[in-house]
$ cat coords_14.txt   # compact mmCIF, C-alpha atoms
# COMPACT_ATOMS: atom_id res chain seq x y z
CA TYR D 26 -24.67 11.63 56.30
CA VAL D 27 -21.42 11.59 54.29
CA GLU D 28 -19.91 14.77 52.82
CA THR D 29 -19.42 14.17 49.08
CA ASP D 30 -18.38 17.75 48.22
CA PRO D 31 -17.80 20.74 50.50
CA GLY D 32 -21.16 21.48 52.13
CA ARG D 33 -22.97 18.67 50.24
CA PHE D 34 -24.07 15.42 51.89
CA GLU D 35 -25.63 12.10 50.94
CA ILE D 36 -27.30 9.36 52.96
CA ARG D 37 -25.10 6.28 53.24
CA ARG D 38 -26.26 2.86 54.38
CA VAL D 39 -23.72 1.25 56.73
CA SER D 40 -23.27 -2.02 58.58
CA VAL D 41 -22.43 -1.60 62.28
CA GLY D 42 -20.14 -3.92 64.22
CA PRO D 43 -19.22 -3.88 67.92
CA MET D 44 -20.40 -0.84 69.90
CA THR D 45 -19.52 0.92 73.14
CA ASP D 46 -21.30 3.80 74.87
CA LYS D 47 -19.39 6.30 72.73
CA GLU D 48 -18.12 4.50 69.65
CA ALA D 49 -19.26 2.05 66.96
CA VAL D 50 -17.30 0.03 64.44
CA ILE D 51 -18.51 0.60 60.88
CA VAL D 52 -17.98 -2.69 59.09
CA GLU D 53 -19.23 -1.71 55.64
CA GLY D 54 -20.43 1.45 53.91
CA LEU D 55 -17.62 3.93 54.64
CA ALA D 56 -14.12 4.31 53.28
CA ALA D 57 -11.12 5.51 55.25
CA GLY D 58 -10.81 9.29 55.12
CA GLU D 59 -14.46 10.05 54.35
CA THR D 60 -16.11 12.80 56.40
CA VAL D 61 -19.42 12.21 58.18
CA ALA D 62 -21.73 14.67 59.90
CA THR D 63 -21.68 14.33 63.69
CA ARG D 64 -23.57 17.58 64.43
CA GLY D 65 -26.36 19.40 62.65
CA ASN D 66 -27.98 16.24 61.32
CA PHE D 67 -31.51 17.55 61.86
CA LEU D 68 -30.68 20.66 59.84
CA ILE D 69 -29.24 18.58 57.01
CA ASP D 70 -32.24 16.27 57.11
CA SER D 71 -34.76 19.13 56.99
CA GLN D 72 -32.95 20.59 53.98
CA MET D 73 -33.04 17.17 52.32
CA GLN D 74 -36.80 16.95 52.83
CA LEU D 75 -37.39 20.46 51.50
CA ALA D 76 -35.44 19.54 48.38
CA GLY D 77 -37.46 16.34 47.95
CA ASN D 78 -34.44 14.14 48.68
CA PRO D 79 -34.31 10.97 50.85
CA SER D 80 -34.56 11.59 54.58
CA LEU D 81 -33.15 9.74 57.58
CA MET D 82 -36.34 10.69 59.43
CA ASP D 83 -38.40 8.83 56.81
CA PRO D 84 -36.67 5.49 56.09
CA SER D 85 -39.37 4.55 53.56
CA ARG D 86 -37.87 7.12 51.20
CA ALA D 87 -34.84 5.06 50.21
CA PRO D 88 -32.12 6.77 48.20
CA SER D 89 -32.55 6.27 44.47
CA PHE D 90 -31.11 7.48 41.19
CA ALA D 91 -32.91 9.37 38.45
CA PRO D 92 -35.01 7.00 36.31
CA GLY D 93 -33.65 5.92 32.96
CA PRO D 94 -30.09 5.77 31.64
CA LEU D 95 -27.58 8.39 32.72
CA ASP D 96 -28.06 11.40 30.44
CA LEU D 97 -24.68 12.35 28.99
CA PRO D 98 -23.93 15.36 26.79
CA ASP D 99 -23.13 14.78 23.12
CA ALA D 100 -19.54 15.97 23.48
CA LYS D 101 -16.29 14.96 21.82
CA ALA D 102 -13.86 13.69 24.44
CA VAL D 103 -10.21 14.68 24.11
CA VAL D 104 -7.62 11.90 24.03
CA LEU D 105 -4.99 12.16 26.74
CA GLY D 106 -1.40 11.30 25.93
CA GLY D 107 1.61 10.21 27.96
CA GLU D 108 1.15 9.10 31.56
CA SER D 109 -2.40 10.50 31.77
CA GLY D 110 -3.59 8.43 28.80
CA THR D 111 -1.93 5.32 30.20
CA ARG D 112 -3.43 5.80 33.68
CA PHE D 113 -6.86 6.44 32.17
CA ASP D 114 -6.81 3.17 30.21
CA GLN D 115 -5.45 1.27 33.24
CA ALA D 116 -8.28 2.58 35.42
CA TYR D 117 -10.93 1.55 32.93
CA GLN D 118 -9.34 -1.86 32.36
CA ALA D 119 -9.50 -2.44 36.13
CA TYR D 120 -13.16 -1.34 36.03
CA PHE D 121 -13.88 -3.85 33.23
CA GLU D 122 -12.26 -6.64 35.24
CA ILE D 123 -14.49 -5.80 38.21
CA GLN D 124 -17.55 -5.64 35.96
CA ARG D 125 -16.81 -9.09 34.53
CA ALA D 126 -16.25 -10.57 37.99
CA MET D 127 -19.56 -9.28 39.34
CA ALA D 128 -21.35 -10.49 36.20
CA ALA D 129 -19.95 -13.91 37.13
CA ASP D 130 -21.38 -13.50 40.67
CA ALA D 131 -17.96 -12.90 42.25
CA PRO D 132 -16.93 -9.89 44.38
CA PRO D 133 -14.38 -7.46 42.89
CA PRO D 134 -10.91 -9.02 42.66
CA PRO D 135 -8.77 -7.23 45.28
CA ILE D 136 -5.94 -6.56 42.82
CA ALA D 137 -8.33 -5.00 40.29
CA LEU D 138 -10.10 -2.95 42.97
CA ASN D 139 -6.82 -1.65 44.38
CA ALA D 140 -5.64 -0.83 40.86
CA LEU D 141 -8.85 1.07 40.13
CA VAL D 142 -8.61 3.19 43.29
CA ASP D 143 -4.90 3.85 42.72
CA ARG D 144 -5.26 4.85 39.05
CA LEU D 145 -8.22 7.12 39.79
CA ALA D 146 -6.21 8.84 42.54
CA ARG D 147 -3.33 9.39 40.11
CA LEU D 148 -5.68 10.86 37.50
CA GLU D 149 -6.90 13.34 40.13
CA ALA D 150 -3.36 14.65 40.52
CA LEU D 151 -2.12 14.85 36.92
CA GLY D 152 -1.88 18.39 35.60
CA ASP D 153 -3.10 17.76 32.05
CA VAL D 154 -6.39 16.22 33.21
CA PRO D 155 -9.10 18.94 33.18
CA ASP D 156 -10.52 19.91 36.56
CA PRO D 157 -14.08 18.75 35.78
CA ALA D 158 -12.78 15.28 34.87
CA GLN D 159 -10.66 15.20 38.04
CA LYS D 160 -13.80 15.84 40.11
CA HIS D 161 -15.54 12.86 38.49
CA PHE D 162 -12.49 10.67 39.08
CA GLY D 163 -12.57 11.72 42.74
CA ARG D 164 -16.23 10.74 43.07
CA ALA D 165 -15.52 7.41 41.39
CA ARG D 166 -12.56 6.76 43.69
CA ARG D 167 -14.56 7.46 46.84
CA SER D 168 -17.34 5.15 45.71
CA ALA D 169 -14.90 2.43 44.60
CA SER D 170 -13.35 2.52 48.09
CA ARG D 171 -16.70 1.27 49.43
CA MET D 172 -16.70 -1.84 47.20
CA ASP D 173 -14.31 -3.81 49.41
CA GLY D 174 -16.88 -6.06 51.01
CA SER D 175 -19.58 -8.52 50.04
CA LEU D 176 -20.81 -8.87 46.46
CA GLN D 177 -24.02 -7.00 47.35
CA VAL D 178 -22.09 -4.13 48.93
CA ALA D 179 -19.96 -3.92 45.78
CA ARG D 180 -23.03 -3.90 43.56
CA ASP D 181 -24.63 -1.16 45.64
CA ALA D 182 -21.59 1.12 45.13
CA PHE D 183 -20.92 0.13 41.52
CA ARG D 184 -23.60 2.40 40.07
CA SER D 185 -21.99 5.53 41.56
CA VAL D 186 -18.58 4.41 40.27
CA SER D 187 -20.02 3.78 36.82
CA GLN D 188 -21.85 7.08 36.55
CA ALA D 189 -18.82 9.11 37.66
CA MET D 190 -16.54 7.30 35.21
CA LEU D 191 -19.08 7.70 32.41
CA ARG D 192 -19.20 11.45 33.05
CA ALA D 193 -15.40 11.58 32.94
CA ALA D 194 -15.31 9.58 29.71
CA VAL D 195 -17.28 12.20 27.78
CA LEU D 196 -14.60 14.73 28.72
CA VAL D 197 -11.35 12.80 28.31
CA ARG D 198 -10.20 9.40 27.14
CA GLY D 199 -7.12 7.21 26.89
CA PRO D 200 -5.85 5.81 23.58
CA GLN D 201 -7.34 2.34 24.14
CA THR D 202 -10.72 3.42 25.50
CA ALA D 203 -10.97 5.96 22.66
CA GLU D 204 -11.27 3.01 20.29
CA THR D 205 -13.91 0.99 22.10
CA LEU D 206 -16.26 1.92 24.96
CA GLN D 207 -19.98 1.31 25.33
CA HIS D 208 -22.59 2.58 27.81
CA TYR D 209 -25.10 -0.03 29.05
CA TYR D 210 -28.25 0.28 31.16
CA CYS D 211 -30.58 -2.20 32.89
CA PRO D 212 -33.99 -0.90 34.06
CA MET D 213 -34.43 -3.81 36.48
CA VAL D 214 -31.76 -2.66 38.95
CA PRO D 215 -33.55 -1.52 42.15
CA GLY D 216 -33.60 2.25 42.57
CA ASN D 217 -34.47 3.30 38.99
CA GLY D 218 -32.06 1.12 37.07
CA GLY D 219 -28.30 0.86 36.75
CA ASP D 220 -25.65 2.05 34.28
CA TRP D 221 -22.33 0.42 33.51
CA MET D 222 -19.61 0.24 30.86
CA GLN D 223 -18.09 -2.52 28.75
CA PRO D 224 -15.51 -2.42 25.97
CA GLY D 225 -18.07 -4.20 23.82
CA GLY D 226 -19.23 -7.78 23.34
CA GLU D 227 -22.30 -9.49 24.72
CA ILE D 228 -24.18 -7.94 27.62
CA ALA D 229 -22.87 -9.12 31.00
CA ASN D 230 -24.94 -7.46 33.72
CA PRO D 231 -22.81 -6.82 36.85
CA TYR D 232 -25.83 -5.98 39.02
CA TRP D 233 -27.67 -9.28 38.54
CA GLY D 234 -25.08 -11.80 37.35
CA SER D 235 -26.46 -15.21 36.47
CA GLU D 236 -29.92 -14.22 37.75
CA MET D 237 -30.42 -11.83 34.82
CA LEU D 238 -27.11 -11.78 32.97
CA THR D 239 -28.44 -10.31 29.72
CA CYS D 240 -30.78 -7.73 31.24
CA GLY D 241 -29.90 -4.42 29.65
CA GLU D 242 -29.28 -2.54 26.45
CA VAL D 243 -26.59 -0.51 24.76
CA VAL D 244 -27.40 3.13 25.47
CA ARG D 245 -24.61 4.62 23.39
CA ASP D 246 -21.40 3.66 21.64
CA LEU D 247 -18.84 6.04 23.12
CA SER D 248 -16.02 5.08 20.75
CA LEU D 249 -14.16 7.98 19.17
CA THR D 250 -13.56 7.94 15.43
CA ALA D 251 -10.43 10.10 15.51
CA PRO D 252 -8.05 11.53 18.15
CA VAL D 253 -8.73 15.07 19.33
CA THR D 254 -6.21 17.65 20.54
CA PRO D 255 -6.42 17.92 24.35
CA ASP D 256 -8.46 20.91 25.55
CA VAL D 257 -8.07 21.77 29.21
CA THR D 258 -11.14 24.02 29.10
CA ALA D 259 -13.55 21.12 28.54
CA ASN D 260 -16.91 21.78 30.18
CA ASP D 261 -18.22 19.81 33.13
CA PRO D 262 -21.47 18.05 32.01
CA GLU D 263 -22.88 18.61 35.52
CA ALA D 264 -22.26 22.36 35.44
$ encode --input "coords_14.txt" --output "structure tokens"
Amino acid sequence: YVETDPGRFEIRRVSVGPMTDKEAVIVEGLAAGETVATRGNFLIDSQMQLAGNPSLMDPSRAPSFAPGPLDLPDAKAVVLGGESGTRFDQAYQAYFEIQRAMAADAPPPPIALNALVDRLARLEALGDVPDPAQKHFGRARRSASRMDGSLQVARDAFRSVSQAMLRAAVLVRGPQTAETLQHYYCPMVPGNGGDWMQPGGEIANPYWGSEMLTCGEVVRDLSLTAPVTPDVTANDPEA
């Protein structure tokens, strides 16, 4: 169990390497700095079962996402200026590069992945980025940190990255992404389908690559028609 927010946990699949009587090397599935539960696991698991969530005690109940495309509020994102706007666009450009690589059946380019994690971390710290958006950037960063592995590991984490960055994009935007950004969804991704973003163009499915490159549909064109004055009181769509 990995702590995603204070007092909130999620099941995480990991790959285990060499083991001793007291320690085990986690090869894939965790990022440096993440917090895992080492005590109270049965209590967490019982609470998960009561809430109808996946359980470690019942492996047949694999973690899944809500069916259908990610439901986003019909809100008008504010356009960030200065360093914040630049960092936002840089983060999403790195995301697009990763999306294109996986659609071509290649793992995330290390430079693009490092750039994505770095830009998301910077957006978490900038004062003119609303708190709700910073929380989504933090979730995206933690998930992106798990993509440094095989192509399948990257694809498994990509959905969480995409959903967090989609939620942030309905709150704030950079100048470039304000002009062109589209939400895509493929129902054939295991675990109730997968969301992702592209700046436009033909569908290039990052979850299936050449196996089903065009599986998916445009859920929503998120382009903004005109800049909006920044509003630091923007609501969190998960609130």
$ residues_near_point --input "coords_14.txt" --point "(-18.7, 12.3, 41.9)" --cutoff "9 Å" --atoms "all atoms listed in the file" --output "compact mmCIF listing (two decimals) with C-alpha atoms, in the frame of the given file"
# COMPACT_ATOMS: atom_id res chain seq x y z
CA THR D 29 -19.42 14.17 49.08
CA ASP D 30 -18.38 17.75 48.22
CA LYS D 160 -13.80 15.84 40.11
CA HIS D 161 -15.54 12.86 38.49
CA PHE D 162 -12.49 10.67 39.08
CA GLY D 163 -12.57 11.72 42.74
CA ARG D 164 -16.23 10.74 43.07
CA ALA D 165 -15.52 7.41 41.39
CA ARG D 166 -12.56 6.76 43.69
CA ARG D 167 -14.56 7.46 46.84
CA SER D 168 -17.34 5.15 45.71
CA SER D 185 -21.99 5.53 41.56
CA VAL D 186 -18.58 4.41 40.27
CA GLN D 188 -21.85 7.08 36.55
CA ALA D 189 -18.82 9.11 37.66
CA MET D 190 -16.54 7.30 35.21
CA ARG D 192 -19.20 11.45 33.05
$ closest_residue --input "coords_14.txt" --among "D:Arg64, D:Arg37, D:Arg171, D:Arg198" --to "Arg112 in chain D" --atoms "all atoms listed in the file"
D:Arg198
$ closest_residue --input "coords_14.txt" --among "D:Leu151, D:Ala229, D:Leu141, D:Ile136" --to "Gly107 in chain D" --atoms "all atoms listed in the file"
D:Leu151
$ residues_around --input "coords_14.txt" --residues "Leu95 in chain D" --least-positions-apart "3" --cutoff "9 Å" --atoms "only C-alpha atoms" --output "list in words"
Ala91, Pro92, Gln188, Leu191, Arg192, Tyr210, Gly219, Asp220 and Val244 of chain D
$ write_last_selection --input "coords_14.txt" --atoms "C-alpha atoms" --output "PDB file, in the frame of the given file"
ATOM      1  CA  ALA D  91     -32.910   9.370  38.450  1.00  0.00           C
ATOM      2  CA  PRO D  92     -35.010   7.000  36.310  1.00  0.00           C
ATOM      3  CA  GLN D 188     -21.850   7.080  36.550  1.00  0.00           C
ATOM      4  CA  LEU D 191     -19.080   7.700  32.410  1.00  0.00           C
ATOM      5  CA  ARG D 192     -19.200  11.450  33.050  1.00  0.00           C
ATOM      6  CA  TYR D 210     -28.250   0.280  31.160  1.00  0.00           C
ATOM      7  CA  GLY D 219     -28.300   0.860  36.750  1.00  0.00           C
ATOM      8  CA  ASP D 220     -25.650   2.050  34.280  1.00  0.00           C
ATOM      9  CA  VAL D 244     -27.400   3.130  25.470  1.00  0.00           C
TER      10      VAL D 244
END
$ closest_residue --input "coords_14.txt" --among "D:Gly42, D:Gly152, D:Gly106, D:Gly93" --to "Pro215 in chain D" --atoms "all atoms listed in the file"
D:Gly93
$ closest_residue --input "coords_14.txt" --among "D:Val27, D:Leu238, D:Ala57, D:Ala119" --to "Ser170 in chain D" --atoms "only C-alpha atoms"
D:Ala57
$ axis_aligned_box --input "coords_14.txt" --around "range 103-122 of chain D" --padding-each-side "6 Å" --output "JSON"
{"center_x": -6.1, "center_y": 4.0, "center_z": 30.1, "size_x": 27.5, "size_y": 33.3, "size_z": 24.1}
$ atom_distance --input "coords_14.txt" --atom1 "CA of Val195 in chain D" --atom2 "CA of Asn217 in chain D"
22.4 Å
$ closest_residue --input "coords_14.txt" --among "D:Leu148, D:Ile36, D:Met172, D:Val41" --to "Val61 in chain D" --atoms "all atoms listed in the file"
D:Ile36
$ closest_residue --input "coords_14.txt" --among "D:Gly216, D:Leu249, D:Ala194, D:Asn230" --to "Gln124 in chain D" --atoms "all atoms listed in the file"
D:Asn230
$ decode --input "coords_14.txt" --residues "range 27-77 of chain D" --atoms "C-alpha atoms" --output "short mmCIF file (atom, residue, chain, number, x, y, z; two decimals), in the first residue's frame"
data_model
loop_
_atom_site.label_atom_id
_atom_site.label_comp_id
_atom_site.auth_asym_id
_atom_site.auth_seq_id
_atom_site.Cartn_x
_atom_site.Cartn_y
_atom_site.Cartn_z
CA VAL D 27 1.38 3.40 -1.08
CA GLU D 28 0.27 6.65 0.57
CA THR D 29 -0.99 8.97 -2.18
CA ASP D 30 -2.31 11.70 0.14
CA PRO D 31 -2.10 12.00 3.93
CA GLY D 32 -4.07 9.05 5.31
CA ARG D 33 -5.05 7.76 1.83
CA PHE D 34 -3.53 4.64 0.26
CA GLU D 35 -3.62 2.75 -3.02
CA ILE D 36 -2.57 -0.76 -4.00
CA ARG D 37 0.60 -0.73 -6.10
CA ARG D 38 1.90 -3.65 -8.13
CA VAL D 39 5.68 -4.00 -7.77
CA SER D 40 8.45 -6.19 -9.15
CA VAL D 41 10.74 -7.65 -6.48
CA GLY D 42 14.46 -8.23 -6.94
CA PRO D 43 16.99 -9.80 -4.55
CA MET D 44 15.73 -10.50 -1.02
CA THR D 45 17.21 -11.10 2.42
CA ASP D 46 15.46 -12.12 5.64
CA LYS D 47 14.63 -8.48 6.38
CA GLU D 48 14.81 -6.54 3.13
CA ALA D 49 13.75 -6.75 -0.52
CA VAL D 50 14.84 -4.76 -3.55
CA ILE D 51 11.88 -3.22 -5.39
CA VAL D 52 12.87 -3.18 -9.05
CA GLU D 53 9.77 -1.55 -10.50
CA GLY D 54 6.57 0.01 -9.18
CA LEU D 55 7.84 2.53 -6.61
CA ALA D 56 9.53 5.89 -6.95
CA ALA D 57 12.17 7.26 -4.62
CA GLY D 58 10.60 9.15 -1.73
CA GLU D 59 7.19 7.45 -1.83
CA THR D 60 5.76 6.27 1.50
CA VAL D 61 4.52 2.70 1.94
CA ALA D 62 2.57 1.13 4.80
CA THR D 63 4.68 -1.24 6.88
CA ARG D 64 2.19 -1.59 9.77
CA GLY D 65 -1.59 -1.65 9.92
CA ASN D 66 -1.99 -3.31 6.53
CA PHE D 67 -4.89 -5.48 7.67
CA LEU D 68 -6.74 -2.38 8.90
CA ILE D 69 -6.16 -0.59 5.59
CA ASP D 70 -7.25 -3.68 3.67
CA SER D 71 -10.46 -4.11 5.68
CA GLN D 72 -11.33 -0.46 5.06
CA MET D 73 -10.67 -0.97 1.35
CA GLN D 74 -13.05 -3.93 1.27
CA LEU D 75 -15.77 -2.06 3.15
CA ALA D 76 -15.50 0.75 0.61
CA GLY D 77 -15.73 -1.73 -2.28
#
